[in-house]
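Presented below is the structure to which this report refers.
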Amino acid sequence: MDRLLQCFILTVSLAFSSLGAAEPAAPRVLLKTDLGEIVIELNSEKAPVTVANFIQYVNDHHYDGVIFHRVMKDFMIQSGAFTFDMTMKKGRAPIINESNNGLKNLKGTVAMARTSAPNSATSQFFINHKTNAFLDYKDKSPGYAVFGKVVEGMDTVDKIAQAETARVGYHANAPKDTIRILTARLLDSKTQAPVAESVKEPESVKAPETVPVK
């Protein structure tokens, strides 16, 4: 009887222990835009370097005030660097391309924009407005690294994608009416309230656009 009791206690202890060791919630970022809110869930397991890079830009408030400078309905909406006058905020050093992580460019996923050089992504990102399989990693194509997905606010993404666009300088498909990211904040995993972070003053510099190629 004592042996059975000991086994029961051990089983209960292990059960509570496993509950305490539950996987932490995936980090989420709230984008407040001129047309509504978007919540992005980040995949740190599949894209650790990309997620860390994105969170650093968020915590530096780099995305506050940047616009969606390239919008193409049924393709993607892109942001992450340009202010209303098409001045580009200075970014940090480029990161490695984690496109070979098994994540696909499905509708609603978030991926890094880059130049033709695979390891050139800095701060710019795009949200897929439809599934874009041609942007995925393949044996002969480096692809574009997916690092998260929209979990709330696809209606906002749809609104942005509907924007009337025009060419502004060398920028094609720029919304005629400016659509800004007002703030981008990391959310507390328990309360889902924005986490307060210190602010670093952004620098500005003119530079070529980095975009996914359609």
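Every chain in the structure tokens takes a letter, A first, then B, and so on in the order presented; its residues are numbered from 1, and the ligands are numbered from 1 following the presented order.
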
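Near region 120-135 of chain A, within a cut-off of 6 Å and counting only C-alpha atoms, sit the residues Asp74, Phe75, Met76, Ile77, Gln78, Ser79, Gly80, Ala81, Pro94, Ile95, Asn105, Leu106, Lys107, Gly108, Thr109, Val110, Ala111, Met112, Ala113, Arg114, Gly143 and Tyr144 of chain A, with same-chain residues fewer than 6 positions away left out.
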
For the residues in that selection, give me N, CA and C atoms as a PDB file, in the first residue's frame.
```pdb
ATOM      1  N   ASP A  74      -3.363  41.700 -53.254  1.00  0.00           N
ATOM      2  CA  ASP A  74      -3.173  40.300 -53.669  1.00  0.00           C
ATOM      3  C   ASP A  74      -1.701  39.950 -53.885  1.00  0.00           C
ATOM      4  N   PHE A  75      -0.823  40.700 -53.244  1.00  0.00           N
ATOM      5  CA  PHE A  75       0.603  40.352 -53.216  1.00  0.00           C
ATOM      6  C   PHE A  75       1.129  40.563 -51.798  1.00  0.00           C
ATOM      7  N   MET A  76       1.416  41.827 -51.433  1.00  0.00           N
ATOM      8  CA  MET A  76       1.935  42.089 -50.091  1.00  0.00           C
ATOM      9  C   MET A  76       1.881  43.578 -49.781  1.00  0.00           C
ATOM     10  N   ILE A  77       2.044  43.912 -48.491  1.00  0.00           N
ATOM     11  CA  ILE A  77       2.208  45.302 -48.060  1.00  0.00           C
ATOM     12  C   ILE A  77       3.547  45.377 -47.337  1.00  0.00           C
ATOM     13  N   GLN A  78       4.314  46.427 -47.624  1.00  0.00           N
ATOM     14  CA  GLN A  78       5.691  46.508 -47.127  1.00  0.00           C
ATOM     15  C   GLN A  78       5.931  47.784 -46.336  1.00  0.00           C
ATOM     16  N   SER A  79       6.712  47.674 -45.262  1.00  0.00           N
ATOM     17  CA  SER A  79       7.032  48.814 -44.412  1.00  0.00           C
ATOM     18  C   SER A  79       8.388  48.578 -43.759  1.00  0.00           C
ATOM     19  N   GLY A  80       8.730  49.491 -42.837  1.00  0.00           N
ATOM     20  CA  GLY A  80       9.895  49.234 -42.011  1.00  0.00           C
ATOM     21  C   GLY A  80      11.042  50.223 -42.082  1.00  0.00           C
ATOM     22  N   ALA A  81      10.975  51.212 -42.993  1.00  0.00           N
ATOM     23  CA  ALA A  81      12.152  52.075 -43.113  1.00  0.00           C
ATOM     24  C   ALA A  81      11.855  53.527 -43.459  1.00  0.00           C
ATOM     25  N   PRO A  94      23.087  44.281 -41.682  1.00  0.00           N
ATOM     26  CA  PRO A  94      22.222  43.231 -42.242  1.00  0.00           C
ATOM     27  C   PRO A  94      22.352  41.923 -41.454  1.00  0.00           C
ATOM     28  N   ILE A  95      21.319  41.091 -41.565  1.00  0.00           N
ATOM     29  CA  ILE A  95      21.307  39.802 -40.865  1.00  0.00           C
ATOM     30  C   ILE A  95      21.332  38.660 -41.876  1.00  0.00           C
ATOM     31  N   ASN A 105       5.721  31.419 -47.224  1.00  0.00           N
ATOM     32  CA  ASN A 105       5.118  32.732 -47.418  1.00  0.00           C
ATOM     33  C   ASN A 105       3.623  32.588 -47.706  1.00  0.00           C
ATOM     34  N   LEU A 106       2.898  32.149 -46.676  1.00  0.00           N
ATOM     35  CA  LEU A 106       1.456  31.987 -46.771  1.00  0.00           C
ATOM     36  C   LEU A 106       0.766  33.321 -46.523  1.00  0.00           C
ATOM     37  N   LYS A 107      -0.496  33.417 -46.901  1.00  0.00           N
ATOM     38  CA  LYS A 107      -1.261  34.639 -46.653  1.00  0.00           C
ATOM     39  C   LYS A 107      -1.260  34.941 -45.153  1.00  0.00           C
ATOM     40  N   GLY A 108      -0.939  36.186 -44.817  1.00  0.00           N
ATOM     41  CA  GLY A 108      -0.933  36.592 -43.416  1.00  0.00           C
ATOM     42  C   GLY A 108       0.390  36.409 -42.713  1.00  0.00           C
ATOM     43  N   THR A 109       1.366  35.781 -43.364  1.00  0.00           N
ATOM     44  CA  THR A 109       2.684  35.636 -42.744  1.00  0.00           C
ATOM     45  C   THR A 109       3.489  36.914 -42.946  1.00  0.00           C
ATOM     46  N   VAL A 110       4.512  37.072 -42.096  1.00  0.00           N
ATOM     47  CA  VAL A 110       5.377  38.256 -42.134  1.00  0.00           C
ATOM     48  C   VAL A 110       6.787  37.804 -42.474  1.00  0.00           C
ATOM     49  N   ALA A 111       7.411  38.472 -43.422  1.00  0.00           N
ATOM     50  CA  ALA A 111       8.752  38.086 -43.869  1.00  0.00           C
ATOM     51  C   ALA A 111       9.622  39.322 -44.036  1.00  0.00           C
ATOM     52  N   MET A 112      10.927  39.095 -44.096  1.00  0.00           N
ATOM     53  CA  MET A 112      11.875  40.188 -44.264  1.00  0.00           C
ATOM     54  C   MET A 112      12.055  40.542 -45.737  1.00  0.00           C
ATOM     55  N   ALA A 113      12.073  41.848 -46.008  1.00  0.00           N
ATOM     56  CA  ALA A 113      12.424  42.334 -47.339  1.00  0.00           C
ATOM     57  C   ALA A 113      13.944  42.462 -47.409  1.00  0.00           C
ATOM     58  N   ARG A 114      14.466  42.399 -48.605  1.00  0.00           N
ATOM     59  CA  ARG A 114      15.922  42.479 -48.790  1.00  0.00           C
ATOM     60  C   ARG A 114      16.223  42.904 -50.216  1.00  0.00           C
ATOM     61  N   GLY A 143      15.113  32.732 -51.444  1.00  0.00           N
ATOM     62  CA  GLY A 143      13.809  33.056 -50.874  1.00  0.00           C
ATOM     63  C   GLY A 143      13.837  34.186 -49.857  1.00  0.00           C
ATOM     64  N   TYR A 144      12.693  34.399 -49.229  1.00  0.00           N
ATOM     65  CA  TYR A 144      12.505  35.470 -48.243  1.00  0.00           C
ATOM     66  C   TYR A 144      12.091  34.857 -46.910  1.00  0.00           C
TER      67      TYR A 144
END
```

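When DSSP reads the backbone of this structure, the residues of region 52-197 of chain A it assigns to helix (DSSP H, G or I) are Ala52, Asn53, Phe54, Ile55, Gln56, Tyr57, Val58, Asn59, Ala133, Phe134, Leu135, Met154, Asp155, Thr156, Val157, Asp158, Lys159, Ile160 and Ala161 of chain A.
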
Can you spit out the residues from that selection as a short mmCIF file (atom, residue, chain, number, x, y, z; two decimals), in the first residue's frame, using N, CA and C atoms?
```cif
data_model
loop_
_atom_site.label_atom_id
_atom_site.label_comp_id
_atom_site.auth_asym_id
_atom_site.auth_seq_id
_atom_site.Cartn_x
_atom_site.Cartn_y
_atom_site.Cartn_z
N ALA A 52 14.94 38.23 -33.20
CA ALA A 52 15.72 39.09 -32.30
C ALA A 52 15.98 40.44 -32.96
N ASN A 53 16.28 40.43 -34.24
CA ASN A 53 16.52 41.66 -34.99
C ASN A 53 15.26 42.53 -35.01
N PHE A 54 14.12 41.92 -35.29
CA PHE A 54 12.85 42.65 -35.38
C PHE A 54 12.48 43.25 -34.02
N ILE A 55 12.62 42.46 -32.97
CA ILE A 55 12.30 42.95 -31.63
C ILE A 55 13.20 44.11 -31.23
N GLN A 56 14.47 44.05 -31.63
CA GLN A 56 15.37 45.16 -31.31
C GLN A 56 14.92 46.45 -31.98
N TYR A 57 14.51 46.34 -33.24
CA TYR A 57 13.98 47.53 -33.93
C TYR A 57 12.72 48.04 -33.24
N VAL A 58 11.86 47.11 -32.81
CA VAL A 58 10.64 47.50 -32.10
C VAL A 58 10.99 48.22 -30.81
N ASN A 59 11.89 47.63 -30.03
CA ASN A 59 12.27 48.23 -28.74
C ASN A 59 13.00 49.56 -28.89
N ALA A 133 4.09 31.49 -52.97
CA ALA A 133 5.03 30.37 -52.92
C ALA A 133 6.34 30.68 -53.63
N PHE A 134 6.30 31.58 -54.63
CA PHE A 134 7.54 31.88 -55.37
C PHE A 134 8.56 32.63 -54.51
N LEU A 135 8.15 33.11 -53.32
CA LEU A 135 9.08 33.78 -52.41
C LEU A 135 9.73 32.81 -51.43
N MET A 154 -6.12 41.10 -39.66
CA MET A 154 -6.03 40.91 -41.12
C MET A 154 -6.99 41.84 -41.84
N ASP A 155 -8.04 42.29 -41.16
CA ASP A 155 -8.94 43.27 -41.77
C ASP A 155 -8.20 44.59 -42.00
N THR A 156 -7.28 44.92 -41.09
CA THR A 156 -6.46 46.12 -41.28
C THR A 156 -5.50 45.93 -42.45
N VAL A 157 -4.91 44.74 -42.54
CA VAL A 157 -4.03 44.44 -43.68
C VAL A 157 -4.80 44.60 -44.98
N ASP A 158 -6.04 44.10 -45.01
CA ASP A 158 -6.88 44.22 -46.20
C ASP A 158 -7.14 45.68 -46.55
N LYS A 159 -7.41 46.50 -45.55
CA LYS A 159 -7.65 47.93 -45.79
C LYS A 159 -6.42 48.59 -46.41
N ILE A 160 -5.26 48.28 -45.85
CA ILE A 160 -4.02 48.86 -46.38
C ILE A 160 -3.79 48.41 -47.82
N ALA A 161 -4.06 47.13 -48.08
CA ALA A 161 -3.84 46.57 -49.42
C ALA A 161 -4.76 47.20 -50.47
#
```

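Among the candidate residues A:Pro48, A:His69, A:Leu31, A:Leu103, the one lying nearest to Ala172 (chain A) is A:His69, with distances computed using only C-alpha atoms.
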
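Take the candidates A:Glu98, A:Asp188, A:Asp139, A:Glu152 and check each one against Asn43 (chain A) using only C-alpha atoms; the shortest distance goes to A:Glu98.
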
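Proximity of A:Ile179, A:Pro118, A:Ser189, A:Gly169 to Asp64 (chain A), computed with only C-alpha atoms, is greatest for A:Ile179.
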
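Here CA of Asp34 (chain A) and CA of Val71 (chain A) stand 14.5 Å from one another.
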
Write down as a count of residues only the residues belonging to region 82-179 of chain A that are assigned strand (DSSP E) by DSSP computed on the backbone.
26

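We find CA of Lys32 (chain A) and CA of Thr183 (chain A) to be spaced 5.3 Å apart.
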
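The spacing separating CA of Tyr63 (chain A) from CA of His171 (chain A) amounts to 18.9 Å.
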
From the set A:Leu35, A:Asn100, A:Asp136, A:Ala145, which residue has the shortest atom-to-atom contact distance to Asp177 (chain A), counting only C-alpha atoms?
A:Leu35

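Proximity ranking of A:Lys89, A:Lys190, A:Arg167, A:Lys104 relative to Ile67 (chain A) places A:Lys89 first, based on only C-alpha atoms.
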